[in-house]
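Q: First, the structure itself, so that you have it in front of you.
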Amino acid sequence: MSGPPGHDAVTQVTDRPASILEQPEYRVEGRDKVTGAARYAADISMPGMLHAAFVTSPYAHARIASVDATPARELPGVRAVITGADIARRRFGRRLQDWPVLCWDRALFIGDRIAAIAADSAQIADEAARRVEVEYEELPAVLDTKAALADGAPVLHPDAAGYAFLGGSRAPRPHPNVQGYGLREHGEVAAAFKGSHRVYEHTFVVPRVHQAYLEPRATLLWLEGDLVRVVTTNKAPFALRQHMAVSLGIPESRIVVDAGHIGGDFGGKGLSLDEFALYHLALATGRPVRALTRYADDMQATNTRHAATITLRTGVDREGRILAHESRVVFDGGAYAAGKPVATLLPGDAMLTLAGYRVPAARVEAMTVYTNQVPAGHSRAPGQPQNAFAAESHIDLIARDLGIDPFEIRRRNVLREGDVDVTGAAWHGTDGPTLLARLHTAARVDEASASHSSPARGIGFALGVRHIGRGRASMLLRASEGRVELRTGVSDQGGGAHTLFQRIVATELGLPLDRVSVFRGTTDAVPHDPGVGGSRVTPVQGTAALDAARKLKAKLAELGISLDAAEGLEVTGEAAQEGHEASMYAYALEVSVDRETGMTTVQRATLAADVGTVINPVALRGQLEGGFIFGLGQAVMEELRVEDGRVVTANLGDYKIPTIADVPPLTLELLTDHPGPGPFGAKSVGELANPAVGAAVANAVHDACGARVMSLPVTAEKVWKALNTR
């Protein structure tokens, strides 16, 4: 998570020309969105288009004894019915292809797909799905990670050795029901624990949550000669093309993916389910086929944030300074690991416990585990909200037991230049003491602390670390008639990526914004792109846009011509960010607690964040405010409740998300003097703000009334119970 800062960053800052970066944005796609002209995947239709429906398992774990599709095929308007037996052994996944396109022998969770139908209307397809007769033999369900890891537990993937693994080979695992495993150790851990003044151990629980994007998943697929054309809500079209090629056994060159406007993502739309079955339906019918997922089906069947049980053990000296740390992080990965794109098959920063602190000796173990639950995947800042809640609650509990102010214990342990962090690497990111000092001033901590004469008010702190995005990207920049057009494969899922690119190119070339346009193309029309995710849009794709502008400037100078004379001139901008630089952030949240009911209200929040150079002030604030609200929902109300494997909060009426009435005033304190590796010294902010909110709320509640909640969300019921069982 840390490493030497990029040497180019400072040069980029000093070389940055005066520009419009400080001015408010005008979103390049804004007019289309507010007028309704923007076309999303669900809006696209074609002549002769068929509609898909799926038969899904009502059991969390069952053997499929037989499937009789005859009654469905006899229904007028049904054009094709395919079963798992028809396409047996076809699986899909972002890294490990372990999820069957259609199940043929066993169903591993409620919602697993058994058969697919293509019909003239969605209503006919749904009726046909109800007519498919499936005989199941129910098997014992493994519904939690403890049961999955127990001796004698049913092995949920006995044929795992035959699964395709993209990009290398799958690492060894300590148990057949483990999806992915990581173990990292540095320093003399045993000796450091032995020399500690006190050793503390706590266990925390975080539930599944859904990304709660408002646009439903949608896919339209058709065959055009030897090409497979796809319109999708997937935010990583080139990656999807690769996944389809491996799963379906056809060359990537024959697959064209179009990911247009995406109505929200929050990390959830990197995985696709429908394209693989739709290909077989289109092959069977010779017609375009569309799938539009109902929200209830989406929440029951797609990649949620991982539930987790996290045990932390930390040794400290008399002043509360960390000497040793151990952690065991067990994520519930659900029935399949297909939603995870990283080689470890862990959710992003799964091993980043005690992020932001000096940790001279540590042993960190993390794993994802197969269960008969909804498959888990990526969500905004994957792995971090779980670990941040556990770590920052753990630090608070240590401080209070030692009689040290919670802010002070963080100040004593926060990372400084050259310190060893929890990963064992030397820290070269944000200066922790500076960040905390800025937070202390902005949040008026002394005033807030003085207000604690009221027993129902409290203040909570939490800090965290987020890596700056890595990867490779390329874009094409074309000059014509005094204008430039940037051609990219980056989809915009609401974050303002195309506006960002426009501002970068315009700034570097010294052009007004209206002379820079951004064109998003299909996978056959633009250079390869890794897709949106991993905090990479600004530092990686943004750097590719900057590189393209600089190459064009250099080419114009080489040719001795101006932009007006550069008709048809093209250059390709490229970026490769492989460093491990990170940014730090910290929260101070004030809450009030009704002791009679446990009702908790967040009254005020302050976020201090190291953001580097600001390229778009409106978008930056939007990302930080949106991240805070996203984190707040998961802190105080969101939980994808599952009973016996079935999601019982399968709509946004039962699954609560925040509205504007739930959002307190938020003060932003931005650190901009430590440049990052992105264009002009920019850093990532999209996944910076949400992970630590849950811990800050829990810590503030404890400060207010003494009630400690050890699991998310921090609800009135949990606070009331803690108040009445002490």
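A note on labels: chains of the structure tokens are A, B, ... as shown, every chain counts residues from 1, and ligands are counted from 1 in their shown order.
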List every residue of region 159-199 of chain A that has an atom at most 10 Å from any atom of region 368-375 of chain A, giving for each one its closest atom pair and the distance in Å to one decimal, counting only C-alpha atoms, sorted by chain and then by ascending residue number, as a tab-separated table.

A:
```
residue	atom	partner	partner_atom	distance
A:His175	CA	A:Val369	CA	9.0
A:Pro176	CA	A:Tyr370	CA	8.8
A:Asn177	CA	A:Tyr370	CA	5.2
A:Val178	CA	A:Val369	CA	4.4
A:Gln179	CA	A:Thr368	CA	5.3
A:Gly180	CA	A:Thr368	CA	5.3
A:Tyr181	CA	A:Thr368	CA	6.7
A:Gly182	CA	A:Thr368	CA	9.3
```

Q: So that I can check the surroundings of region 332-344 of chain A, please list as JSON, numbers by chain every protein, DNA and RNA residue that reaches within 9 Å of it, counting only C-alpha atoms and ignoring chain neighbours fewer than 3 positions away.

A: {"A": [92, 93, 94, 95, 96, 97, 98, 99, 108, 109, 143, 144, 145, 156, 165, 166, 167, 168, 169, 170, 171, 178, 179, 180, 181, 182, 208, 268, 270, 271, 272, 302, 303, 305, 306, 307, 308, 309, 347, 348, 367, 368, 369, 370, 371, 372, 373, 374, 375, 376, 377, 378]}

Q: Could you give me, as an NGL selection string, the residues within 6 Å of region 407-417 of chain A, counting only C-alpha atoms and dropping anything in the same chain fewer than 5 positions from it?

A: :A and (321 or 356-358 or 427-428 or 431-432)

Q: Using CA of Arg457 (chain A) and CA of Ala696 (chain A) as the two end points, give the distance in Å to one decimal.

A: 13.6 Å

Q: Name the residues of region 76-310 of chain A that come out as strand (DSSP E or B) in a backbone DSSP run; write them as JSON, numbers by chain.

A: {"A": [78, 79, 80, 81, 82, 83, 91, 92, 96, 97, 99, 100, 106, 107, 113, 114, 115, 116, 117, 118, 119, 133, 134, 135, 136, 137, 138, 164, 165, 178, 179, 180, 181, 182, 183, 184, 185, 186, 198, 199, 200, 201, 202, 203, 204, 205, 206, 209, 218, 219, 220, 221, 222, 223, 224, 227, 228, 229, 230, 231, 232, 255, 256, 257, 258, 261, 289, 290, 291, 292, 304, 305, 307, 308, 309, 310]}

Q: For each of A:Glu224, A:Asp274, A:Glu74, A:Glu25, take the minimum atom-to-atom distance to Ala52 (chain A), counting only C-alpha atoms, then give the residue where this is smallest.

A: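 Using only C-alpha atoms, Ala52 (chain A) sits closest to A:Asp274.
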
Q: So that I can check the surroundings of Val359 (chain A), please list as a PyMOL selection string every protein, DNA and RNA residue that reaches within 10 Å of it, counting only C-alpha atoms and ignoring chain neighbours fewer than 3 positions away.

A: chain A and resi 186-187+314+321-325+354-356+362+413-415+419-425

Q: Find the spatial neighbours of region 36-43 of chain A, counting only C-alpha atoms, within a cut-off of 7 Å - ignore same-chain residues fewer than 3 positions away - and output them as a PyMOL selection string.

A: chain A and resi 32-33+218-219+231-233+260-262+292

Q: Next, the residues of the selection above should be written as a short mmCIF file (atom, residue, chain, number, x, y, z; two decimals), in the first residue's frame with C-alpha atoms.

A:
```cif
data_model
loop_
_atom_site.label_atom_id
_atom_site.label_comp_id
_atom_site.auth_asym_id
_atom_site.auth_seq_id
_atom_site.Cartn_x
_atom_site.Cartn_y
_atom_site.Cartn_z
CA ASP A 32 -28.18 14.46 -22.60
CA LYS A 33 -28.88 13.20 -19.10
CA ALA A 218 -29.52 -4.79 -18.70
CA THR A 219 -27.97 -6.56 -21.69
CA VAL A 231 -24.84 -3.63 -25.32
CA THR A 232 -24.36 -3.82 -21.57
CA THR A 233 -24.27 -2.07 -18.22
CA GLY A 260 -22.74 3.31 -22.91
CA HIS A 261 -24.23 5.44 -20.16
CA ILE A 262 -24.19 3.53 -16.88
CA LEU A 292 -33.56 -6.74 -18.00
#
```

Q: When you look at region 136-139 of chain A with a cut-off of 8 Å (counting only C-alpha atoms), what residues show up, excluding the ones that are within fewer than 5 positions of it in the same chain? I need them as a PyMOL selection string.

A: chain A and resi 59+61-66

Q: Store the residues of this selection in a file with all heavy atoms, as a PDB file, in the first residue's frame.

A:
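For reference, out01.pdb as written:
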```pdb
ATOM      1  N   TYR A  59     -33.733 -23.406  -3.743  1.00  0.00           N
ATOM      2  CA  TYR A  59     -32.978 -24.023  -2.650  1.00  0.00           C
ATOM      3  C   TYR A  59     -31.557 -23.468  -2.602  1.00  0.00           C
ATOM      4  O   TYR A  59     -30.943 -23.181  -3.637  1.00  0.00           O
ATOM      5  CB  TYR A  59     -32.918 -25.540  -2.820  1.00  0.00           C
ATOM      6  CG  TYR A  59     -34.265 -26.204  -2.821  1.00  0.00           C
ATOM      7  CD1 TYR A  59     -34.820 -26.694  -4.004  1.00  0.00           C
ATOM      8  CD2 TYR A  59     -34.996 -26.336  -1.644  1.00  0.00           C
ATOM      9  CE1 TYR A  59     -36.064 -27.304  -4.012  1.00  0.00           C
ATOM     10  CE2 TYR A  59     -36.245 -26.945  -1.641  1.00  0.00           C
ATOM     11  CZ  TYR A  59     -36.774 -27.413  -2.828  1.00  0.00           C
ATOM     12  OH  TYR A  59     -38.014 -28.009  -2.827  1.00  0.00           O
ATOM     13  N   HIS A  61     -28.987 -25.188  -1.627  1.00  0.00           N
ATOM     14  CA  HIS A  61     -28.074 -26.250  -2.060  1.00  0.00           C
ATOM     15  C   HIS A  61     -28.920 -27.438  -2.467  1.00  0.00           C
ATOM     16  O   HIS A  61     -29.700 -27.968  -1.647  1.00  0.00           O
ATOM     17  CB  HIS A  61     -27.125 -26.649  -0.923  1.00  0.00           C
ATOM     18  CG  HIS A  61     -25.970 -27.486  -1.364  1.00  0.00           C
ATOM     19  ND1 HIS A  61     -25.159 -28.178  -0.484  1.00  0.00           N
ATOM     20  CD2 HIS A  61     -25.465 -27.757  -2.603  1.00  0.00           C
ATOM     21  CE1 HIS A  61     -24.216 -28.817  -1.143  1.00  0.00           C
ATOM     22  NE2 HIS A  61     -24.386 -28.578  -2.434  1.00  0.00           N
ATOM     23  N   ALA A  62     -28.809 -27.837  -3.712  1.00  0.00           N
ATOM     24  CA  ALA A  62     -29.655 -28.928  -4.188  1.00  0.00           C
ATOM     25  C   ALA A  62     -29.030 -29.597  -5.404  1.00  0.00           C
ATOM     26  O   ALA A  62     -28.353 -28.955  -6.209  1.00  0.00           O
ATOM     27  CB  ALA A  62     -31.049 -28.408  -4.545  1.00  0.00           C
ATOM     28  N   ARG A  63     -29.277 -30.892  -5.507  1.00  0.00           N
ATOM     29  CA  ARG A  63     -28.912 -31.620  -6.719  1.00  0.00           C
ATOM     30  C   ARG A  63     -30.059 -31.501  -7.702  1.00  0.00           C
ATOM     31  O   ARG A  63     -31.236 -31.576  -7.329  1.00  0.00           O
ATOM     32  CB  ARG A  63     -28.647 -33.092  -6.405  1.00  0.00           C
ATOM     33  CG  ARG A  63     -28.102 -33.889  -7.597  1.00  0.00           C
ATOM     34  CD  ARG A  63     -27.806 -35.324  -7.210  1.00  0.00           C
ATOM     35  NE  ARG A  63     -29.022 -36.070  -6.942  1.00  0.00           N
ATOM     36  CZ  ARG A  63     -29.766 -36.660  -7.889  1.00  0.00           C
ATOM     37  NH1 ARG A  63     -29.401 -36.589  -9.167  1.00  0.00           N
ATOM     38  NH2 ARG A  63     -30.847 -37.325  -7.554  1.00  0.00           N
ATOM     39  N   ILE A  64     -29.716 -31.273  -8.966  1.00  0.00           N
ATOM     40  CA  ILE A  64     -30.737 -31.156 -10.006  1.00  0.00           C
ATOM     41  C   ILE A  64     -30.980 -32.553 -10.567  1.00  0.00           C
ATOM     42  O   ILE A  64     -30.145 -33.098 -11.301  1.00  0.00           O
ATOM     43  CB  ILE A  64     -30.286 -30.185 -11.107  1.00  0.00           C
ATOM     44  CG1 ILE A  64     -30.027 -28.799 -10.507  1.00  0.00           C
ATOM     45  CG2 ILE A  64     -31.332 -30.085 -12.215  1.00  0.00           C
ATOM     46  CD1 ILE A  64     -29.318 -27.862 -11.454  1.00  0.00           C
ATOM     47  N   ALA A  65     -32.116 -33.139 -10.193  1.00  0.00           N
ATOM     48  CA  ALA A  65     -32.414 -34.508 -10.618  1.00  0.00           C
ATOM     49  C   ALA A  65     -32.897 -34.558 -12.065  1.00  0.00           C
ATOM     50  O   ALA A  65     -32.501 -35.444 -12.837  1.00  0.00           O
ATOM     51  CB  ALA A  65     -33.459 -35.123  -9.687  1.00  0.00           C
ATOM     52  N   SER A  66     -33.754 -33.622 -12.446  1.00  0.00           N
ATOM     53  CA  SER A  66     -34.261 -33.597 -13.815  1.00  0.00           C
ATOM     54  C   SER A  66     -34.836 -32.226 -14.135  1.00  0.00           C
ATOM     55  O   SER A  66     -35.239 -31.485 -13.232  1.00  0.00           O
ATOM     56  CB  SER A  66     -35.356 -34.659 -14.017  1.00  0.00           C
ATOM     57  OG  SER A  66     -36.494 -34.360 -13.221  1.00  0.00           O
TER      58      SER A  66
END
```

Q: Here is a test: counting only C-alpha atoms, which residue of A:Thr672, A:Glu481, A:Glu687, A:Ala456 is nearest to Arg536 (chain A)?

A: A:Glu687

Q: From the options A:Ala609, A:Val209, A:Ala277, A:Ala704, which residue's atoms come nearest to Met637 (chain A), counting only C-alpha atoms?

A: A:Val209

Q: Which is closest to Arg73 (chain A) among A:Arg503, A:Arg131, A:Arg90, A:Arg27, if we use only C-alpha atoms?

A: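 Among the listed residues, A:Arg131 lies closest to Arg73 (chain A).
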